[in-house]
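Shown next: coords_30.txt, given as compact mmCIF, C-alpha atoms.
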# COMPACT_ATOMS: atom_id res chain seq x y z
CA MET A 1 0.00 0.00 0.00
CA THR A 2 1.34 3.43 -0.95
CA ASP A 3 2.16 5.61 2.03
CA THR A 4 0.36 8.97 2.21
CA PRO A 5 1.77 12.15 3.73
CA SER A 6 -0.83 12.18 6.50
CA ARG A 7 0.24 8.70 7.72
CA ARG A 8 3.99 9.45 7.85
CA GLY A 9 5.77 10.16 11.09
CA LEU A 10 5.98 13.67 12.49
CA GLN A 11 9.71 14.09 11.77
CA THR A 12 9.28 12.93 8.17
CA ARG A 13 6.40 15.36 7.69
CA ILE A 14 8.58 18.19 9.04
CA VAL A 15 11.50 17.34 6.74
CA ARG A 16 9.32 16.58 3.71
CA ALA A 17 6.77 19.35 4.18
CA GLU A 18 4.48 19.99 1.24
CA ASP A 19 3.77 23.69 1.17
CA ASP A 20 0.47 25.02 -0.14
CA LEU A 21 1.01 28.57 -1.37
CA THR A 22 -1.39 30.72 -3.32
CA PRO A 23 0.13 31.23 -6.79
CA GLY A 24 0.66 34.61 -8.40
CA PHE A 25 2.84 36.36 -5.82
CA GLU A 26 5.11 38.89 -7.46
CA SER A 27 7.38 41.67 -6.17
CA PHE A 28 10.30 43.79 -7.34
CA ALA A 29 12.75 41.88 -5.13
CA VAL A 30 14.67 38.93 -6.56
CA PRO A 31 13.82 35.85 -4.43
CA VAL A 32 16.62 34.53 -2.24
CA THR A 33 17.27 30.90 -3.17
CA ARG A 34 19.65 29.08 -0.84
CA ALA A 35 21.02 25.67 -1.66
CA SER A 36 23.87 23.28 -1.30
CA THR A 37 22.03 20.27 -2.76
CA VAL A 38 20.32 20.83 -6.08
CA VAL A 39 17.57 18.27 -6.67
CA PHE A 40 17.37 16.57 -10.08
CA PRO A 41 14.13 15.31 -11.63
CA ASP A 42 15.78 12.02 -12.58
CA LEU A 43 19.17 10.34 -13.03
CA ALA A 44 19.21 11.01 -16.75
CA ALA A 45 19.13 14.75 -16.08
CA MET A 46 21.90 14.43 -13.50
CA ARG A 47 24.10 12.37 -15.84
CA ALA A 48 23.58 14.84 -18.68
CA LEU A 49 25.19 17.68 -16.71
CA ASP A 50 27.95 19.67 -18.38
CA TRP A 51 29.79 22.21 -16.21
CA ARG A 52 30.34 24.37 -19.29
CA ASN A 53 26.57 24.90 -19.66
CA ASP A 54 25.66 27.98 -17.63
CA ALA A 55 21.97 27.17 -18.05
CA GLN A 56 22.15 23.96 -15.97
CA TRP A 57 21.76 23.81 -12.20
CA ARG A 58 24.38 21.54 -10.67
CA TYR A 59 25.24 22.47 -7.09
CA GLY A 60 24.58 25.46 -4.87
CA LEU A 61 28.29 26.29 -4.72
CA HIS A 62 28.36 27.08 -8.43
CA ALA A 63 25.12 29.04 -8.85
CA THR A 64 21.61 29.61 -7.55
CA PRO A 65 18.85 31.58 -9.27
CA THR A 66 19.72 34.54 -7.02
CA SER A 67 23.44 34.54 -7.80
CA LEU A 68 22.80 33.98 -11.51
CA VAL A 69 20.49 37.00 -11.71
CA LEU A 70 23.19 39.15 -10.09
CA ALA A 71 25.86 37.80 -12.46
CA GLN A 72 23.70 38.49 -15.50
CA ARG A 73 22.93 42.03 -14.39
CA LEU A 74 26.59 42.80 -13.72
CA ALA A 75 27.66 41.48 -17.12
CA ALA A 76 25.00 43.56 -18.85
CA LEU A 77 25.92 46.67 -16.86
CA GLU A 78 29.55 46.48 -17.93
CA GLY A 79 28.93 45.44 -21.51
CA GLY A 80 30.18 41.86 -21.11
CA ASN A 81 28.51 38.54 -21.84
CA HIS A 82 29.50 36.47 -18.80
CA ALA A 83 30.13 37.11 -15.12
CA LEU A 84 31.40 34.91 -12.30
CA LEU A 85 30.94 35.82 -8.64
CA GLN A 86 33.58 35.38 -5.95
CA PRO A 87 33.46 36.09 -2.19
CA SER A 88 35.69 39.20 -2.43
CA GLY A 89 37.44 41.46 -4.91
CA LEU A 90 40.76 39.83 -4.07
CA SER A 91 39.21 36.41 -4.68
CA SER A 92 38.28 37.63 -8.17
CA ILE A 93 41.89 38.63 -8.77
CA SER A 94 43.00 35.21 -7.54
CA ASN A 95 40.50 33.55 -9.89
CA VAL A 96 42.13 35.32 -12.83
CA TYR A 97 45.63 34.24 -11.82
CA PHE A 98 44.78 30.59 -11.22
CA GLY A 99 42.57 30.41 -14.29
CA LEU A 100 45.16 31.70 -16.72
CA VAL A 101 48.77 31.23 -15.59
CA LYS A 102 50.96 28.29 -14.64
CA ALA A 103 54.57 27.66 -13.67
CA GLY A 104 56.93 29.18 -16.22
CA ASP A 105 54.50 31.91 -17.32
CA ASP A 106 55.15 35.63 -17.08
CA VAL A 107 52.75 38.30 -15.77
CA LEU A 108 53.04 42.09 -16.14
CA ILE A 109 51.59 44.19 -13.30
CA PRO A 110 51.40 48.01 -13.10
CA ASP A 111 53.57 49.55 -10.41
CA ASN A 112 50.58 51.42 -8.93
CA VAL A 113 48.47 48.28 -8.59
CA TYR A 114 46.15 47.55 -5.65
CA SER A 115 48.56 46.33 -2.95
CA PRO A 116 46.97 42.88 -2.41
CA ASN A 117 47.33 42.23 -6.15
CA ARG A 118 51.05 43.01 -5.84
CA ASP A 119 51.26 40.64 -2.87
CA HIS A 120 49.48 37.98 -4.92
CA GLY A 121 51.92 38.35 -7.81
CA ASP A 122 54.89 38.17 -5.44
CA TRP A 123 53.45 35.06 -3.78
CA LEU A 124 52.94 33.26 -7.10
CA ALA A 125 56.46 34.19 -8.16
CA ARG A 126 57.94 32.96 -4.91
CA ASP A 127 56.01 29.70 -4.46
CA PHE A 128 54.43 28.76 -7.80
CA GLY A 129 57.11 29.37 -10.41
CA ILE A 130 55.65 32.24 -12.38
CA THR A 131 57.46 35.50 -13.15
CA ALA A 132 55.78 38.70 -11.90
CA ARG A 133 57.24 41.91 -13.34
CA TYR A 134 56.11 45.45 -12.59
CA TYR A 135 55.84 48.20 -15.17
CA ASP A 136 55.35 51.97 -15.21
CA PRO A 137 51.55 52.43 -15.49
CA MET A 138 52.04 55.25 -18.00
CA VAL A 139 54.03 53.07 -20.42
CA GLY A 140 51.24 52.96 -23.02
CA ALA A 141 52.28 51.30 -26.29
CA GLY A 142 55.74 50.90 -24.80
CA ILE A 143 54.38 47.76 -23.14
CA ALA A 144 55.47 46.05 -26.37
CA ASP A 145 59.08 46.25 -25.21
CA LEU A 146 58.22 44.36 -22.01
CA ILE A 147 56.27 41.44 -23.47
CA GLN A 148 58.22 38.18 -23.57
CA PRO A 149 57.38 34.91 -25.36
CA ASN A 150 56.05 33.50 -22.07
CA THR A 151 53.98 36.55 -21.09
CA ARG A 152 50.42 35.32 -20.58
CA LEU A 153 48.69 38.10 -18.65
CA ILE A 154 48.87 41.88 -18.36
CA TRP A 155 47.11 43.59 -15.48
CA LEU A 156 45.82 47.14 -15.72
CA GLU A 157 44.30 49.48 -13.18
CA ALA A 158 42.48 52.60 -14.30
CA PRO A 159 43.21 54.74 -12.46
CA GLY A 160 45.70 53.51 -9.87
CA SER A 161 43.70 53.00 -6.71
CA VAL A 162 45.93 55.25 -4.56
CA THR A 163 48.00 57.47 -6.84
CA MET A 164 45.31 57.95 -9.53
CA GLU A 165 47.40 57.80 -12.72
CA VAL A 166 45.16 56.99 -15.69
CA PRO A 167 46.89 54.67 -18.18
CA ASP A 168 46.35 54.58 -21.92
CA VAL A 169 44.32 51.39 -21.75
CA ARG A 170 43.62 51.31 -25.46
CA ALA A 171 47.32 51.48 -26.37
CA ILE A 172 48.18 48.63 -24.00
CA THR A 173 45.34 46.35 -25.10
CA THR A 174 46.08 46.97 -28.78
CA VAL A 175 49.63 45.73 -28.29
CA ALA A 176 48.51 42.84 -26.10
CA ARG A 177 45.98 41.59 -28.65
CA ALA A 178 48.54 41.74 -31.42
CA ARG A 179 50.83 39.59 -29.27
CA ASN A 180 48.04 37.23 -28.09
CA VAL A 181 48.36 38.22 -24.42
CA VAL A 182 45.27 38.38 -22.20
CA THR A 183 44.56 41.67 -20.41
CA ALA A 184 42.69 42.04 -17.12
CA ILE A 185 41.69 45.33 -15.55
CA ASP A 186 40.71 46.18 -12.01
CA ASN A 187 37.72 48.38 -12.90
CA THR A 188 36.50 48.88 -9.33
CA TRP A 189 37.16 52.65 -9.30
CA SER A 190 34.56 53.26 -12.03
CA ALA A 191 32.13 50.55 -10.82
CA GLY A 192 31.62 49.62 -14.47
CA LEU A 193 29.60 52.83 -14.83
CA ALA A 194 32.20 55.37 -15.91
CA PHE A 195 34.57 53.19 -17.96
CA ARG A 196 33.64 50.56 -20.56
CA PRO A 197 36.55 48.09 -20.58
CA PHE A 198 35.43 45.86 -23.43
CA GLU A 199 35.08 48.86 -25.74
CA GLN A 200 38.75 49.56 -24.98
CA GLY A 201 39.91 46.05 -25.90
CA VAL A 202 40.19 44.62 -22.37
CA ASP A 203 39.58 40.87 -22.04
CA ILE A 204 38.62 40.58 -18.34
CA SER A 205 37.16 43.15 -15.98
CA VAL A 206 37.45 42.58 -12.24
CA GLN A 207 35.10 44.33 -9.85
CA ALA A 208 35.10 44.51 -6.06
CA LEU A 209 31.34 44.47 -5.50
CA THR A 210 32.17 45.34 -1.91
CA LYS A 211 32.34 48.98 -3.07
CA TYR A 212 29.62 50.95 -4.88
CA GLN A 213 27.61 47.88 -5.87
CA SER A 214 27.04 47.09 -2.20
CA GLY A 215 26.97 50.71 -1.10
CA GLY A 216 26.57 49.82 2.55
CA GLY A 217 30.07 48.85 3.64
CA ASP A 218 28.66 45.53 4.85
CA VAL A 219 29.05 43.00 2.00
CA LEU A 220 32.16 41.29 0.64
CA MET A 221 31.99 40.06 -2.96
CA GLY A 222 33.77 40.26 -6.29
CA ALA A 223 33.16 39.51 -9.94
CA THR A 224 35.10 38.62 -13.07
CA ILE A 225 33.34 39.76 -16.23
CA THR A 226 34.22 38.69 -19.75
CA ALA A 227 32.91 39.01 -23.28
CA ASP A 228 34.61 35.88 -24.67
CA ARG A 229 33.07 32.51 -23.81
CA GLU A 230 36.29 30.47 -23.95
CA LEU A 231 37.95 32.86 -21.52
CA HIS A 232 34.88 32.68 -19.31
CA LEU A 233 35.12 28.90 -19.25
CA LYS A 234 38.78 28.98 -18.21
CA LEU A 235 37.89 31.19 -15.27
CA LYS A 236 34.81 29.12 -14.47
CA ALA A 237 36.86 25.90 -14.38
CA ALA A 238 39.36 27.48 -11.98
CA ARG A 239 36.60 28.81 -9.75
CA MET A 240 34.96 25.38 -9.64
CA ARG A 241 38.22 23.58 -8.79
CA MET A 242 39.04 26.06 -6.03
CA GLY A 243 35.57 25.63 -4.52
CA ILE A 244 34.73 29.33 -4.73
CA GLY A 245 31.12 30.32 -4.10
CA VAL A 246 29.02 33.17 -2.76
CA SER A 247 26.07 33.53 -0.41
CA SER A 248 22.65 34.05 -1.95
CA ASP A 249 21.82 36.33 0.96
CA ASP A 250 24.81 38.54 0.10
CA CYS A 251 23.77 38.49 -3.56
CA SER A 252 20.33 39.74 -2.56
CA LEU A 253 21.86 42.67 -0.66
CA ILE A 254 23.81 43.74 -3.74
CA LEU A 255 20.78 43.24 -5.99
CA ARG A 256 18.85 45.55 -3.66
CA SER A 257 21.53 48.25 -4.01
CA LEU A 258 22.15 48.07 -7.77
CA PRO A 259 19.17 50.22 -8.85
CA SER A 260 20.48 53.19 -6.84
CA MET A 261 24.17 52.71 -7.70
CA LYS A 262 24.37 55.19 -10.59
CA ILE A 263 22.58 57.90 -8.61
CA ARG A 264 24.88 57.37 -5.61
CA PHE A 265 27.98 57.28 -7.82
CA GLU A 266 27.07 60.61 -9.40
CA GLN A 267 26.55 62.23 -5.99
CA HIS A 268 29.91 60.92 -4.76
CA ASP A 269 31.43 62.31 -7.97
CA ARG A 270 29.98 65.81 -7.51
CA SER A 271 31.09 66.16 -3.89
CA ALA A 272 34.55 64.68 -4.51
CA LEU A 273 35.29 66.92 -7.48
CA ALA A 274 34.16 70.03 -5.57
CA LEU A 275 36.42 69.15 -2.64
CA ALA A 276 39.34 68.28 -4.95
CA LYS A 277 39.10 71.67 -6.66
CA TRP A 278 38.95 73.43 -3.30
CA LEU A 279 41.93 71.49 -1.95
CA LYS A 280 43.99 72.68 -4.92
CA THR A 281 43.69 76.20 -3.50
CA ARG A 282 45.05 75.21 -0.10
CA PRO A 283 48.70 76.06 0.63
CA GLU A 284 49.11 72.92 2.74
CA ILE A 285 48.51 70.72 -0.33
CA ALA A 286 51.30 70.22 -2.88
CA ALA A 287 49.25 68.19 -5.39
CA VAL A 288 45.70 66.97 -5.87
CA LEU A 289 45.47 63.64 -7.70
CA HIS A 290 42.01 63.52 -9.21
CA PRO A 291 41.72 62.19 -12.78
CA ALA A 292 39.19 64.87 -13.74
CA LEU A 293 41.71 67.63 -12.98
CA PRO A 294 44.03 68.63 -15.87
CA ASP A 295 47.31 68.13 -13.99
CA CYS A 296 46.58 64.57 -12.88
CA PRO A 297 48.84 62.11 -14.79
CA GLY A 298 46.87 60.58 -17.64
CA HIS A 299 44.09 63.20 -17.52
CA GLU A 300 43.91 63.13 -21.33
CA PHE A 301 43.00 59.43 -21.21
CA TYR A 302 40.40 60.12 -18.53
CA GLU A 303 38.84 62.76 -20.79
CA ARG A 304 38.86 60.34 -23.71
CA ASP A 305 37.66 57.16 -22.01
CA PHE A 306 35.72 58.01 -18.81
CA THR A 307 32.34 59.56 -18.10
CA GLY A 308 32.75 60.15 -14.36
CA ALA A 309 35.02 59.71 -11.38
CA GLY A 310 33.09 58.69 -8.27
CA GLY A 311 34.27 59.55 -4.78
CA LEU A 312 37.92 58.45 -4.56
CA PHE A 313 40.92 60.74 -5.00
CA SER A 314 44.21 61.57 -3.29
CA VAL A 315 46.20 64.61 -2.19
CA VAL A 316 49.89 65.07 -1.48
CA PHE A 317 50.77 67.33 1.43
CA ASP A 318 53.56 69.85 1.34
CA GLY A 319 56.84 68.15 2.20
CA LYS A 320 57.38 70.42 5.20
CA TYR A 321 54.80 68.39 7.12
CA SER A 322 56.08 65.19 8.72
CA ALA A 323 54.39 61.82 8.37
CA ALA A 324 53.49 62.05 12.07
CA GLN A 325 51.72 65.37 11.47
CA ILE A 326 49.71 63.89 8.63
CA ASP A 327 48.79 60.91 10.80
CA THR A 328 47.48 63.36 13.41
CA PHE A 329 45.55 65.22 10.70
CA CYS A 330 43.83 62.00 9.58
CA GLU A 331 43.07 60.87 13.13
CA SER A 332 41.60 64.25 14.09
CA LEU A 333 39.05 64.37 11.26
CA GLU A 334 35.54 63.99 12.64
CA LEU A 335 33.59 63.12 9.50
CA PHE A 336 36.26 60.92 7.89
CA SER A 337 36.82 57.48 9.38
CA LEU A 338 40.05 55.52 9.12
CA GLY A 339 39.54 52.39 7.05
CA TRP A 340 39.62 50.69 3.68
CA SER A 341 36.82 49.35 1.51
CA TRP A 342 35.32 52.57 0.27
CA GLY A 343 32.10 52.77 -1.75
CA GLY A 344 29.60 53.23 1.07
CA ALA A 345 27.88 56.28 2.52
CA HIS A 346 30.65 57.15 5.00
CA SER A 347 33.71 59.23 4.11
CA LEU A 348 37.20 57.79 4.72
CA ALA A 349 40.79 59.03 4.86
CA MET A 350 44.02 57.04 4.85
CA PRO A 351 47.70 58.10 4.68
CA TYR A 352 50.19 56.22 2.47
CA ASP A 353 53.97 56.11 2.09
CA ILE A 354 54.01 55.78 -1.70
CA ALA A 355 57.79 55.66 -2.15
CA SER A 356 57.89 52.40 -0.21
CA MET A 357 55.19 50.90 -2.48
CA ARG A 358 56.97 51.46 -5.82
CA THR A 359 59.69 49.52 -7.60
CA GLU A 360 59.56 50.80 -11.20
CA ALA A 361 57.85 54.17 -11.53
CA GLN A 362 59.63 56.92 -9.62
CA TRP A 363 57.32 58.79 -7.24
CA PRO A 364 57.85 62.53 -7.93
CA HIS A 365 56.47 63.95 -4.67
CA ARG A 366 58.20 64.44 -1.32
CA GLY A 367 55.17 64.88 0.93
CA THR A 368 52.81 62.30 2.44
CA LEU A 369 49.83 61.16 0.36
CA VAL A 370 46.35 60.95 1.86
CA ARG A 371 43.60 59.17 -0.03
CA PHE A 372 40.13 60.57 0.53
CA TYR A 373 36.90 58.74 -0.12
CA ILE A 374 34.00 61.18 -0.21
CA GLY A 375 30.80 59.63 1.05
CA LEU A 376 27.23 60.92 1.08
CA GLU A 377 27.57 63.46 3.86
CA GLU A 378 26.98 67.14 3.01
CA GLU A 379 29.93 68.44 1.02
CA ALA A 380 30.00 71.68 3.03
CA ASP A 381 30.33 69.73 6.27
CA LEU A 382 33.19 67.65 4.91
CA ARG A 383 34.94 70.79 3.69
CA ALA A 384 34.59 72.46 7.10
CA ASP A 385 36.01 69.38 8.80
CA ILE A 386 39.06 69.29 6.53
CA GLU A 387 39.55 73.06 6.77
CA GLN A 388 39.57 72.98 10.54
CA ARG A 389 42.19 70.16 10.61
CA LEU A 390 44.34 71.92 8.00
CA ALA A 391 44.33 75.03 10.13
CA ALA A 392 45.55 72.97 13.06
CA LEU A 393 48.56 71.83 10.97
CA ALA A 394 49.81 75.41 10.81

What does this structure look like when you write it as structure tokens?
Amino acid sequence: MTDTPSRRGLQTRIVRAEDDLTPGFESFAVPVTRASTVVFPDLAAMRALDWRNDAQWRYGLHATPTSLVLAQRLAALEGGNHALLQPSGLSSISNVYFGLVKAGDDVLIPDNVYSPNRDHGDWLARDFGITARYYDPMVGAGIADLIQPNTRLIWLEAPGSVTMEVPDVRAITTVARARNVVTAIDNTWSAGLAFRPFEQGVDISVQALTKYQSGGGDVLMGATITADRELHLKLKAARMRMGIGVSSDDCSLILRSLPSMKIRFEQHDRSALALAKWLKTRPEIAAVLHPALPDCPGHEFYERDFTGAGGLFSVVFDGKYSAAQIDTFCESLELFSLGWSWGGAHSLAMPYDIASMRTEAQWPHRGTLVRFYIGLEEEADLRADIEQRLAALA
């Protein structure tokens, strides 16, 4: 006799509950689907699985409907065809390395690269047998002189995340494509809104979704976005073998923030540019490094390739101020917190010793650099806070 649900034991009925929901519910929110096990209708469907088919559900680690929606929206936003999610921006960088290079290969990395990317390159060179070489970010078409027969990957960063130089991306990718070398760009600064990497010949765009896409300073996630399917599959295979996955709950938080991202980005941009222009008038400041300002290195490429700048820029203090004085300046700010992972509503400030971070491109300034992230506070209040602390320096 066939067992019926009503005759099964209590624990079985709890585990195997049959929900009775009224159909037709619809909302703007993407449903949060959590899973480790993905249930197959039959063994034939399970045995027909192909990891290369993005349209098949295999295991919760690889994708859920929630994470797939986010990946599709990110790819469309940036002008790519495929996106893979990772649990942090650095994990996305790692995915690129392990998906594309092996022992004996050579990688070119800009000298102003995001510091954890530099650490990653050094680690792979030390323990995994690759060669990591650093180049002047303003080299442009001169990258041709640095490419070797075993060069497999060229990293770009536009602009440099601390010193703000804007490279000639198009010149570098043109050379790289002619020499059959893959290019990957850390496009976090523009959030995929203000710079279109695939239109400039880039092969892979890496995003730290922790920044503007999240917007709340409370989610860690990254993405690798590609236009080419074969390149996508190489990265997908590496992600699968490393067991990299993301939380559907975290995906839902980013999906909730995406519709407001452009509006927030533009507000960050307005306030940051106003403060950057004002800081140029201050005698305490030797240089303002904001790509939208004419004297920022690579400004001509910013004008050609970008449509906005967001909230991140740097200043260099006059060399007469000691590093200890600049530390005190940063610590005394009331509306700027000390911390990394910008992109949220709260403003940040952080001092850097740039000379100690470079190996190839000579740093031309003597004073201490402070990177500002301009949040969503009132611009006048942020200006007053900085002005008061600058006055205290004197």

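The nearest approach to A:Asp228 among the residues A:Ala208, A:Ile130, A:Val182, A:Met46, with only C-alpha atoms taken into account, belongs to A:Val182.
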
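Note that the spacing between atom CA of A:Ala309 and atom CA of A:Phe372 amounts to 13.0 Å.
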
> Neighbours of A:Gly60 within 7 Å (all atoms listed in the file; same-chain residues fewer than 5 positions away dropped), as a list of chain:residue names?
Replying inline: A:Ala35, A:Ser36, A:Thr37, A:Val38

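Taking atom CA of A:His120 as the reference point, atom CA of A:Met350 is found at 22.1 Å.
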
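If you measure from each of A:Val113, A:Leu70, A:Leu235, A:Leu193 to A:Gly160 using all atoms listed in the file, the closest one turns out to be A:Val113.
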
> If you count only C-alpha atoms, which residues fall within 10 Å of A:Leu253, apart from same-chain ones fewer than 4 positions away, as number ranges by chain?
Replying inline: A: 32, 213-216, 218-219, 248-249, 257-258

Taking C-alpha atoms for each residue, export the selection above as a tab-separated table (two decimals), keeping the file's coordinate frame.
chain	number	residue	atom	x	y	z
A	32	VAL	CA	16.62	34.53	-2.24
A	213	GLN	CA	27.61	47.88	-5.87
A	214	SER	CA	27.04	47.09	-2.20
A	215	GLY	CA	26.97	50.71	-1.10
A	216	GLY	CA	26.57	49.82	2.55
A	218	ASP	CA	28.66	45.53	4.85
A	219	VAL	CA	29.05	43.00	2.00
A	248	SER	CA	22.65	34.05	-1.95
A	249	ASP	CA	21.82	36.33	0.96
A	257	SER	CA	21.53	48.25	-4.01
A	258	LEU	CA	22.15	48.07	-7.77

Counting all atoms listed in the file, select every polymer residue within 7 Å of (33.0, 48.0, -10.5) as defined in the file's coordinates, and provide the selection as an mmCIF file with C-alpha atoms, in the frame of the given file.
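The result, stored in result_32.cif:
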data_model
loop_
_atom_site.group_PDB
_atom_site.id
_atom_site.type_symbol
_atom_site.label_atom_id
_atom_site.label_comp_id
_atom_site.auth_asym_id
_atom_site.auth_seq_id
_atom_site.Cartn_x
_atom_site.Cartn_y
_atom_site.Cartn_z
ATOM 1 C CA ASN A 187 37.720 48.380 -12.900
ATOM 2 C CA THR A 188 36.500 48.880 -9.330
ATOM 3 C CA TRP A 189 37.160 52.650 -9.300
ATOM 4 C CA SER A 190 34.560 53.260 -12.030
ATOM 5 C CA ALA A 191 32.130 50.550 -10.820
ATOM 6 C CA GLY A 192 31.620 49.620 -14.470
ATOM 7 C CA GLN A 207 35.100 44.330 -9.850
ATOM 8 C CA ALA A 208 35.100 44.510 -6.060
ATOM 9 C CA LEU A 209 31.340 44.470 -5.500
#

>> Between A:Ser314, A:Asn117, A:Thr281, A:Ser341, which residue has the minimum interatomic distance to A:Lys211, considering all atoms listed in the file?
In response: A:Ser341

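Residues in contact range of A:Met357, defined as at most 9 Å between only C-alpha atoms, with sequence neighbours fewer than 2 positions away removed, read Asp111, Asn112, Ser115, Tyr352, Asp353, Ile354, Ala355 and Thr359 of chain A.
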